[in-house]
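Structure file data-v1.cif; described as mmCIF, C-alpha atoms.
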data_final
loop_
_atom_site.group_PDB
_atom_site.id
_atom_site.type_symbol
_atom_site.label_atom_id
_atom_site.label_comp_id
_atom_site.auth_asym_id
_atom_site.auth_seq_id
_atom_site.Cartn_x
_atom_site.Cartn_y
_atom_site.Cartn_z
ATOM 1 C CA MET Q 1 -7.373 18.459 -4.654
ATOM 2 C CA SER Q 2 -6.668 18.902 -8.360
ATOM 3 C CA THR Q 3 -9.255 18.103 -11.007
ATOM 4 C CA GLU Q 4 -6.604 16.106 -12.846
ATOM 5 C CA LYS Q 5 -6.104 13.852 -9.809
ATOM 6 C CA SER Q 6 -9.852 13.458 -9.293
ATOM 7 C CA ASP Q 7 -10.417 12.541 -12.941
ATOM 8 C CA MET Q 8 -7.656 9.929 -12.982
ATOM 9 C CA ARG Q 9 -8.793 8.499 -9.646
ATOM 10 C CA ARG Q 10 -12.369 8.172 -10.921
ATOM 11 C CA ARG Q 11 -11.270 6.465 -14.181
ATOM 12 C CA VAL Q 12 -9.048 3.939 -12.424
ATOM 13 C CA LEU Q 13 -11.538 3.126 -9.679
ATOM 14 C CA ASP Q 14 -14.281 2.675 -12.295
ATOM 15 C CA ALA Q 15 -12.054 0.206 -14.160
ATOM 16 C CA ARG Q 16 -11.321 -1.640 -10.914
ATOM 17 C CA SER Q 17 -15.034 -1.937 -10.156
ATOM 18 C CA ARG Q 18 -15.462 -3.872 -13.424
ATOM 19 C CA MET Q 19 -12.616 -6.286 -12.654
ATOM 20 C CA SER Q 20 -13.588 -9.949 -12.540
ATOM 21 C CA PRO Q 21 -13.175 -11.550 -9.093
ATOM 22 C CA PHE Q 22 -11.235 -14.341 -10.813
ATOM 23 C CA VAL Q 23 -8.778 -11.880 -12.365
ATOM 24 C CA LEU Q 24 -8.387 -10.121 -9.006
ATOM 25 C CA ALA Q 25 -7.728 -13.447 -7.257
ATOM 26 C CA GLN Q 26 -5.031 -14.264 -9.846
ATOM 27 C CA CYS Q 27 -3.444 -10.817 -9.396
ATOM 28 C CA ASN Q 28 -3.375 -11.264 -5.628
ATOM 29 C CA ALA Q 29 -1.810 -14.718 -5.946
ATOM 30 C CA GLU Q 30 0.928 -13.252 -8.171
ATOM 31 C CA LEU Q 31 1.562 -10.431 -5.691
ATOM 32 C CA ALA Q 32 1.903 -12.976 -2.885
ATOM 33 C CA GLU Q 33 4.586 -14.760 -4.935
ATOM 34 C CA TRP Q 34 6.498 -11.477 -5.349
ATOM 35 C CA MET Q 35 6.778 -11.253 -1.552
ATOM 36 C CA TYR Q 36 9.434 -13.977 -1.795
ATOM 37 C CA ARG Q 37 11.470 -11.758 -4.150
ATOM 38 C CA LEU Q 38 11.469 -8.429 -2.332
ATOM 39 C CA PRO Q 39 13.675 -5.651 -3.754
ATOM 40 C CA VAL Q 40 15.696 -5.332 -0.532
ATOM 41 C CA GLU Q 41 17.429 -8.024 1.480
ATOM 42 C CA LEU Q 42 15.576 -8.786 4.692
ATOM 43 C CA ALA Q 43 16.175 -11.203 7.553
ATOM 44 C CA ALA Q 44 13.721 -12.926 9.874
ATOM 45 C CA GLY Q 45 12.508 -10.439 12.454
ATOM 46 C CA ASP Q 46 12.813 -7.418 10.165
ATOM 47 C CA THR Q 47 9.782 -5.139 9.939
ATOM 48 C CA VAL Q 48 7.712 -4.623 6.790
ATOM 49 C CA ALA Q 49 4.792 -2.200 6.793
ATOM 50 C CA ALA Q 50 1.973 -3.197 4.453
ATOM 51 C CA TYR Q 51 -1.803 -2.746 4.157
ATOM 52 C CA VAL Q 52 -5.052 -4.687 3.901
ATOM 53 C CA ALA Q 53 -6.488 -4.394 0.398
ATOM 54 C CA THR Q 54 -10.086 -3.258 -0.014
ATOM 55 C CA ARG Q 55 -12.546 -4.083 -2.786
ATOM 56 C CA ALA Q 56 -10.569 -4.458 -6.075
ATOM 57 C CA GLU Q 57 -7.363 -3.002 -4.647
ATOM 58 C CA PRO Q 58 -4.355 -5.208 -5.436
ATOM 59 C CA GLY Q 59 -2.941 -7.093 -2.481
ATOM 60 C CA GLY Q 60 -4.965 -9.427 -0.312
ATOM 61 C CA THR Q 61 -4.091 -11.307 2.838
ATOM 62 C CA ALA Q 62 -2.084 -13.914 0.894
ATOM 63 C CA MET Q 63 0.510 -11.188 0.325
ATOM 64 C CA LEU Q 64 0.622 -10.498 4.070
ATOM 65 C CA ASP Q 65 0.789 -14.207 4.909
ATOM 66 C CA ALA Q 66 3.746 -14.617 2.527
ATOM 67 C CA LEU Q 67 5.604 -11.966 4.519
ATOM 68 C CA LEU Q 68 4.772 -13.717 7.809
ATOM 69 C CA ASP Q 69 5.904 -17.001 6.279
ATOM 70 C CA GLN Q 70 9.416 -15.528 6.031
ATOM 71 C CA GLY Q 71 9.486 -14.645 9.723
ATOM 72 C CA LEU Q 72 9.005 -10.922 9.085
ATOM 73 C CA ARG Q 73 7.181 -8.606 11.467
ATOM 74 C CA VAL Q 74 4.249 -7.160 9.490
ATOM 75 C CA LEU Q 75 2.678 -3.841 10.468
ATOM 76 C CA LEU Q 76 -0.687 -2.690 9.136
ATOM 77 C CA PRO Q 77 -2.216 0.794 9.259
ATOM 78 C CA ILE Q 78 -4.935 1.897 11.637
ATOM 79 C CA VAL Q 79 -6.818 5.024 10.589
ATOM 80 C CA PRO Q 80 -7.025 7.449 13.528
ATOM 81 C CA GLU Q 81 -10.283 9.153 14.453
ATOM 82 C CA GLY Q 82 -10.776 12.801 13.515
ATOM 83 C CA ASP Q 83 -9.193 14.760 10.692
ATOM 84 C CA PRO Q 84 -6.600 13.094 8.427
ATOM 85 C CA ALA Q 85 -3.369 12.625 10.347
ATOM 86 C CA ARG Q 86 -0.449 10.197 10.397
ATOM 87 C CA LEU Q 87 -1.495 6.553 10.457
ATOM 88 C CA GLN Q 88 -1.175 4.433 13.567
ATOM 89 C CA TRP Q 89 -0.054 0.817 13.199
ATOM 90 C CA GLY Q 90 -0.693 -2.643 14.565
ATOM 91 C CA GLU Q 91 0.917 -6.049 14.117
ATOM 92 C CA TYR Q 92 -0.588 -8.513 11.661
ATOM 93 C CA ARG Q 93 -0.934 -12.017 13.116
ATOM 94 C CA GLY Q 94 -3.040 -13.648 10.408
ATOM 95 C CA GLU Q 95 -6.384 -12.972 8.782
ATOM 96 C CA ASN Q 96 -8.315 -13.877 11.942
ATOM 97 C CA SER Q 97 -6.551 -11.060 13.811
ATOM 98 C CA LEU Q 98 -8.237 -8.411 11.635
ATOM 99 C CA THR Q 99 -11.296 -6.464 12.709
ATOM 100 C CA GLN Q 100 -13.386 -3.759 11.100
ATOM 101 C CA GLY Q 101 -12.174 -0.242 11.875
ATOM 102 C CA ARG Q 102 -12.932 3.235 10.636
ATOM 103 C CA TRP Q 103 -14.745 3.334 7.271
ATOM 104 C CA ARG Q 104 -15.169 -0.458 7.579
ATOM 105 C CA LEU Q 105 -11.487 -0.981 6.762
ATOM 106 C CA LEU Q 106 -9.887 -4.114 8.160
ATOM 107 C CA GLU Q 107 -7.289 -3.351 10.816
ATOM 108 C CA PRO Q 108 -5.211 -5.438 13.234
ATOM 109 C CA GLN Q 109 -6.662 -5.977 16.691
ATOM 110 C CA GLY Q 110 -4.636 -5.208 19.760
ATOM 111 C CA TYR Q 111 -2.200 -2.547 20.818
ATOM 112 C CA ARG Q 112 -1.956 0.555 18.596
ATOM 113 C CA LEU Q 113 1.555 1.608 17.724
ATOM 114 C CA ASP Q 114 2.625 5.217 17.262
ATOM 115 C CA PRO Q 115 3.278 6.440 13.675
ATOM 116 C CA ASP Q 116 6.988 6.649 14.535
ATOM 117 C CA VAL Q 117 7.163 2.826 14.609
ATOM 118 C CA LEU Q 118 7.719 3.113 10.845
ATOM 119 C CA HIS Q 119 11.286 4.200 11.606
ATOM 120 C CA ASP Q 120 11.833 0.484 12.385
ATOM 121 C CA ALA Q 121 10.577 -0.627 8.967
ATOM 122 C CA ALA Q 122 13.013 -1.998 6.398
ATOM 123 C CA LEU Q 123 10.394 -1.797 3.612
ATOM 124 C CA ILE Q 124 6.983 -0.167 3.247
ATOM 125 C CA LEU Q 125 4.279 -1.410 0.846
ATOM 126 C CA VAL Q 126 1.511 1.110 0.205
ATOM 127 C CA PRO Q 127 -1.710 0.962 -1.791
ATOM 128 C CA ALA Q 128 -2.066 3.246 -4.785
ATOM 129 C CA VAL Q 129 -4.711 4.062 -7.350
ATOM 130 C CA ALA Q 130 -1.979 4.617 -9.949
ATOM 131 C CA ALA Q 131 1.768 5.158 -10.066
ATOM 132 C CA ASP Q 132 4.364 5.998 -12.669
ATOM 133 C CA ARG Q 133 8.007 5.264 -13.407
ATOM 134 C CA THR Q 134 9.081 8.670 -12.080
ATOM 135 C CA GLY Q 135 7.880 7.722 -8.576
ATOM 136 C CA ALA Q 136 4.596 9.635 -8.558
ATOM 137 C CA ARG Q 137 1.775 7.893 -6.672
ATOM 138 C CA LEU Q 138 -1.928 8.667 -6.782
ATOM 139 C CA GLY Q 139 -3.709 7.685 -3.581
ATOM 140 C CA ARG Q 140 -7.316 7.944 -2.448
ATOM 141 C CA GLY Q 141 -6.993 11.650 -1.748
ATOM 142 C CA ALA Q 142 -7.081 12.077 2.031
ATOM 143 C CA GLY Q 143 -3.290 12.323 2.449
ATOM 144 C CA TYR Q 144 -2.865 9.797 5.281
ATOM 145 C CA TYR Q 145 0.081 8.083 3.614
ATOM 146 C CA ASP Q 146 1.825 11.298 2.562
ATOM 147 C CA ARG Q 147 1.637 12.583 6.149
ATOM 148 C CA THR Q 148 2.900 9.254 7.464
ATOM 149 C CA LEU Q 149 5.742 8.716 4.992
ATOM 150 C CA ALA Q 150 7.114 12.264 4.986
ATOM 151 C CA ALA Q 151 9.768 11.551 7.659
ATOM 152 C CA VAL Q 152 10.461 7.884 6.897
ATOM 153 C CA GLU Q 153 13.680 6.670 5.284
ATOM 154 C CA ALA Q 154 12.770 3.082 4.393
ATOM 155 C CA PRO Q 155 12.183 2.263 0.725
ATOM 156 C CA VAL Q 156 8.528 2.698 -0.230
ATOM 157 C CA VAL Q 157 6.754 0.490 -2.784
ATOM 158 C CA ALA Q 158 3.447 1.465 -4.421
ATOM 159 C CA VAL Q 159 1.332 -1.576 -5.310
ATOM 160 C CA VAL Q 160 -0.923 -1.277 -8.383
ATOM 161 C CA HIS Q 161 -2.482 -3.447 -11.067
ATOM 162 C CA ASP Q 162 -0.456 -3.799 -14.270
ATOM 163 C CA ALA Q 163 -2.495 -1.239 -16.249
ATOM 164 C CA GLU Q 164 -2.165 1.309 -13.421
ATOM 165 C CA LEU Q 165 1.623 1.656 -13.797
ATOM 166 C CA LEU Q 166 2.304 4.424 -16.297
ATOM 167 C CA ASP Q 167 5.574 5.643 -17.785
ATOM 168 C CA ASP Q 168 4.763 9.114 -16.455
ATOM 169 C CA GLY Q 169 1.822 11.472 -16.150
ATOM 170 C CA VAL Q 170 0.450 10.627 -12.712
ATOM 171 C CA PRO Q 171 -0.479 14.054 -11.335
ATOM 172 C CA HIS Q 172 1.348 14.988 -8.173
ATOM 173 C CA GLU Q 173 1.963 17.947 -5.896
ATOM 174 C CA ALA Q 174 4.913 19.109 -3.810
ATOM 175 C CA ASN Q 175 3.667 17.385 -0.634
ATOM 176 C CA ASP Q 176 3.165 14.004 -2.348
ATOM 177 C CA VAL Q 177 5.834 11.573 -1.134
ATOM 178 C CA PRO Q 178 7.628 9.906 -4.076
ATOM 179 C CA MET Q 179 7.930 6.146 -4.300
ATOM 180 C CA ASP Q 180 11.154 4.156 -4.616
ATOM 181 C CA TRP Q 181 9.600 1.134 -6.307
ATOM 182 C CA VAL Q 182 6.326 0.103 -7.946
ATOM 183 C CA LEU Q 183 5.031 -3.469 -7.729
ATOM 184 C CA THR Q 184 2.593 -4.968 -10.250
ATOM 185 C CA PRO Q 185 1.297 -8.548 -10.366
ATOM 186 C CA GLY Q 186 2.613 -9.233 -13.867
ATOM 187 C CA GLY Q 187 5.830 -7.224 -13.809
ATOM 188 C CA GLY Q 188 7.099 -7.471 -10.271
ATOM 189 C CA PHE Q 189 9.188 -4.723 -8.701
ATOM 190 C CA SER Q 190 10.175 -1.757 -10.903
ATOM 191 C CA ARG Q 191 12.718 0.740 -9.594
ATOM 192 C CA VAL Q 192 11.528 4.254 -10.359
ATOM 193 C CA SER Q 193 13.661 7.039 -11.806
ATOM 194 C CA PRO Q 194 12.622 10.428 -10.453
ATOM 195 C CA GLY Q 195 12.291 12.757 -13.394
#
Could you rewrite the structure in this file as structure tokens?
Amino acid sequence: MSTEKSDMRRRVLDARSRMSPFVLAQCNAELAEWMYRLPVELAAGDTVAAYVATRAEPGGTAMLDALLDQGLRVLLPIVPEGDPARLQWGEYRGENSLTQGRWRLLEPQGYRLDPDVLHDAALILVPAVAADRTGARLGRGAGYYDRTLAAVEAPVVAVVHDAELLDDGVPHEANDVPMDWVLTPGGGFSRVSPG
């Protein structure tokens, strides 16, 4: 892991830790509204892969509920035991269907789906610590998403707070999967331009 990535990750996560719960709630409400203006055309029954936000991560269950409200099938990641590997998935059926999994992350209860279920996804929303307009995404550092997304063709959207979207300069390596879009609460969906 590069020092540059570690330094940026630490700075952003420190800033998130100081975020007011009221500001975070407003950000999450705005992100939920953006779910009704997705960057790709979807029909009821289509699959969207998303995630359950942790701590001051942008997202929240309102975002997931907005997807369900449109009749979409929503998949959420399940972190497998052992060394970092591709993520498994489960279906989201509302906030009450979530249970605590590995590292106390909230995960869907029920049947675990193979990582290849993402081939059914029409859109994938992923958490990020930072992202830039060239498509670079900085994650938490374990590589679960990069392993999972490497063979997927669906458009991928990194979700960050407004200040975490940069013009460029997010450190990345050859095995980091580039994003197609970045979503921020205040700016909505931004199509990236690989540089």
Quick one: contact table of stretch 48-152 of chain Q to stretch 9-27 of chain Q, 8 Å max, nearest atom pair and distance in Å to one decimal per residue, counting all atoms listed in the file, chain and number order, as CSV?
residue,atom,partner,partner_atom,distance
Q:Ala56,CA,Q:Arg16,CA,5.7
Q:Glu57,CA,Q:Arg16,CA,7.5
Q:Pro58,CA,Q:Cys27,CA,6.9
Q:Gly59,CA,Q:Cys27,CA,7.9
Q:Val129,CA,Q:Arg9,CA,6.5
Q:Ala130,CA,Q:Val12,CA,7.5
Q:Leu138,CA,Q:Arg9,CA,7.4
Q:Gly139,CA,Q:Arg9,CA,8.0
Q:Arg140,CA,Q:Arg9,CA,7.4
Among listed residues Q:Met35, Q:Val40, Q:Val74, Q:Val117, nearest Q:Ala62 (using only C-alpha atoms):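 Under the stated criterion, the closest residue is Q:Met35.
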Computed interatomic separation between atom CA of Q:Thr134 and atom CA of Q:Pro39 (Å): 17.2 Å
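With all atoms listed in the file as the atoms that count, the minimum distance from Q:Ala158 to the choices Q:Pro185, Q:Pro80, Q:Gly94, Q:Gly110 is reached by Q:Pro185.
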Å distance separating atom CA of Q:Arg133 from atom CA of Q:Ala66, one decimal place: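 Between atom CA of Q:Arg133 and atom CA of Q:Ala66 the gap is 25.8 Å.
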Atom pair atom CA of Q:Arg137 / atom CA of Q:Val170: separation (Å):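 Calculated distance between atom CA of Q:Arg137 and atom CA of Q:Val170 is 6.8 Å.
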Please, which residues are within 9 Å of (10.2, -1.5, -4.7) by the file's coordinates, counting all atoms listed in the file, and could they come as a PDB file with C-alpha atoms, keeping the file's coordinate frame?
ATOM      1  CA  LEU Q  38      11.469  -8.429  -2.332  1.00  0.00           C
ATOM      2  CA  PRO Q  39      13.675  -5.651  -3.754  1.00  0.00           C
ATOM      3  CA  VAL Q  40      15.696  -5.332  -0.532  1.00  0.00           C
ATOM      4  CA  LEU Q 123      10.394  -1.797   3.612  1.00  0.00           C
ATOM      5  CA  ILE Q 124       6.983  -0.167   3.247  1.00  0.00           C
ATOM      6  CA  LEU Q 125       4.279  -1.410   0.846  1.00  0.00           C
ATOM      7  CA  PRO Q 155      12.183   2.263   0.725  1.00  0.00           C
ATOM      8  CA  VAL Q 156       8.528   2.698  -0.230  1.00  0.00           C
ATOM      9  CA  VAL Q 157       6.754   0.490  -2.784  1.00  0.00           C
ATOM     10  CA  ALA Q 158       3.447   1.465  -4.421  1.00  0.00           C
ATOM     11  CA  VAL Q 159       1.332  -1.576  -5.310  1.00  0.00           C
ATOM     12  CA  MET Q 179       7.930   6.146  -4.300  1.00  0.00           C
ATOM     13  CA  ASP Q 180      11.154   4.156  -4.616  1.00  0.00           C
ATOM     14  CA  TRP Q 181       9.600   1.134  -6.307  1.00  0.00           C
ATOM     15  CA  VAL Q 182       6.326   0.103  -7.946  1.00  0.00           C
ATOM     16  CA  LEU Q 183       5.031  -3.469  -7.729  1.00  0.00           C
ATOM     17  CA  GLY Q 188       7.099  -7.471 -10.271  1.00  0.00           C
ATOM     18  CA  PHE Q 189       9.188  -4.723  -8.701  1.00  0.00           C
ATOM     19  CA  SER Q 190      10.175  -1.757 -10.903  1.00  0.00           C
ATOM     20  CA  ARG Q 191      12.718   0.740  -9.594  1.00  0.00           C
ATOM     21  CA  VAL Q 192      11.528   4.254 -10.359  1.00  0.00           C
TER      22      VAL Q 192
END
Selection dump of the PyMOL selection byres ((chain Q and resi 161) around 7), as a PyMOL selection string: chain Q and resi 58+160+162-164+184-185
Given all atoms listed in the file as the counted atoms, nearest of Q:Ala32, Q:Met63, Q:Leu76, Q:Val177 to Q:Ala50: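 Smallest distance to Q:Ala50 is found for Q:Leu76.
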For Q:Pro108, list every protein, DNA or RNA residue within 9 Å, evaluated using only C-alpha atoms, and leave out those in the same chain fewer than 4 positions away; present the list as a PDB file with C-alpha atoms, in the coordinates of the input.
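Wrote part.pdb, looks like this:
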ATOM      1  CA  LEU Q  75       2.678  -3.841  10.468  1.00  0.00           C
ATOM      2  CA  LEU Q  76      -0.687  -2.690   9.136  1.00  0.00           C
ATOM      3  CA  PRO Q  77      -2.216   0.794   9.259  1.00  0.00           C
ATOM      4  CA  ILE Q  78      -4.935   1.897  11.637  1.00  0.00           C
ATOM      5  CA  TRP Q  89      -0.054   0.817  13.199  1.00  0.00           C
ATOM      6  CA  GLY Q  90      -0.693  -2.643  14.565  1.00  0.00           C
ATOM      7  CA  GLU Q  91       0.917  -6.049  14.117  1.00  0.00           C
ATOM      8  CA  TYR Q  92      -0.588  -8.513  11.661  1.00  0.00           C
ATOM      9  CA  ARG Q  93      -0.934 -12.017  13.116  1.00  0.00           C
ATOM     10  CA  GLY Q  94      -3.040 -13.648  10.408  1.00  0.00           C
ATOM     11  CA  GLU Q  95      -6.384 -12.972   8.782  1.00  0.00           C
ATOM     12  CA  SER Q  97      -6.551 -11.060  13.811  1.00  0.00           C
ATOM     13  CA  LEU Q  98      -8.237  -8.411  11.635  1.00  0.00           C
ATOM     14  CA  THR Q  99     -11.296  -6.464  12.709  1.00  0.00           C
ATOM     15  CA  GLN Q 100     -13.386  -3.759  11.100  1.00  0.00           C
ATOM     16  CA  GLY Q 101     -12.174  -0.242  11.875  1.00  0.00           C
ATOM     17  CA  ARG Q 112      -1.956   0.555  18.596  1.00  0.00           C
TER      18      ARG Q 112
END
Picked residues, the PyMOL selection byres ((chain Q and resi 148-151) around 8), as a list in words: Ala85, Arg86, Leu87, Pro115, Tyr144, Tyr145, Asp146, Arg147, Val152, Glu153 and Val177 of chain Q
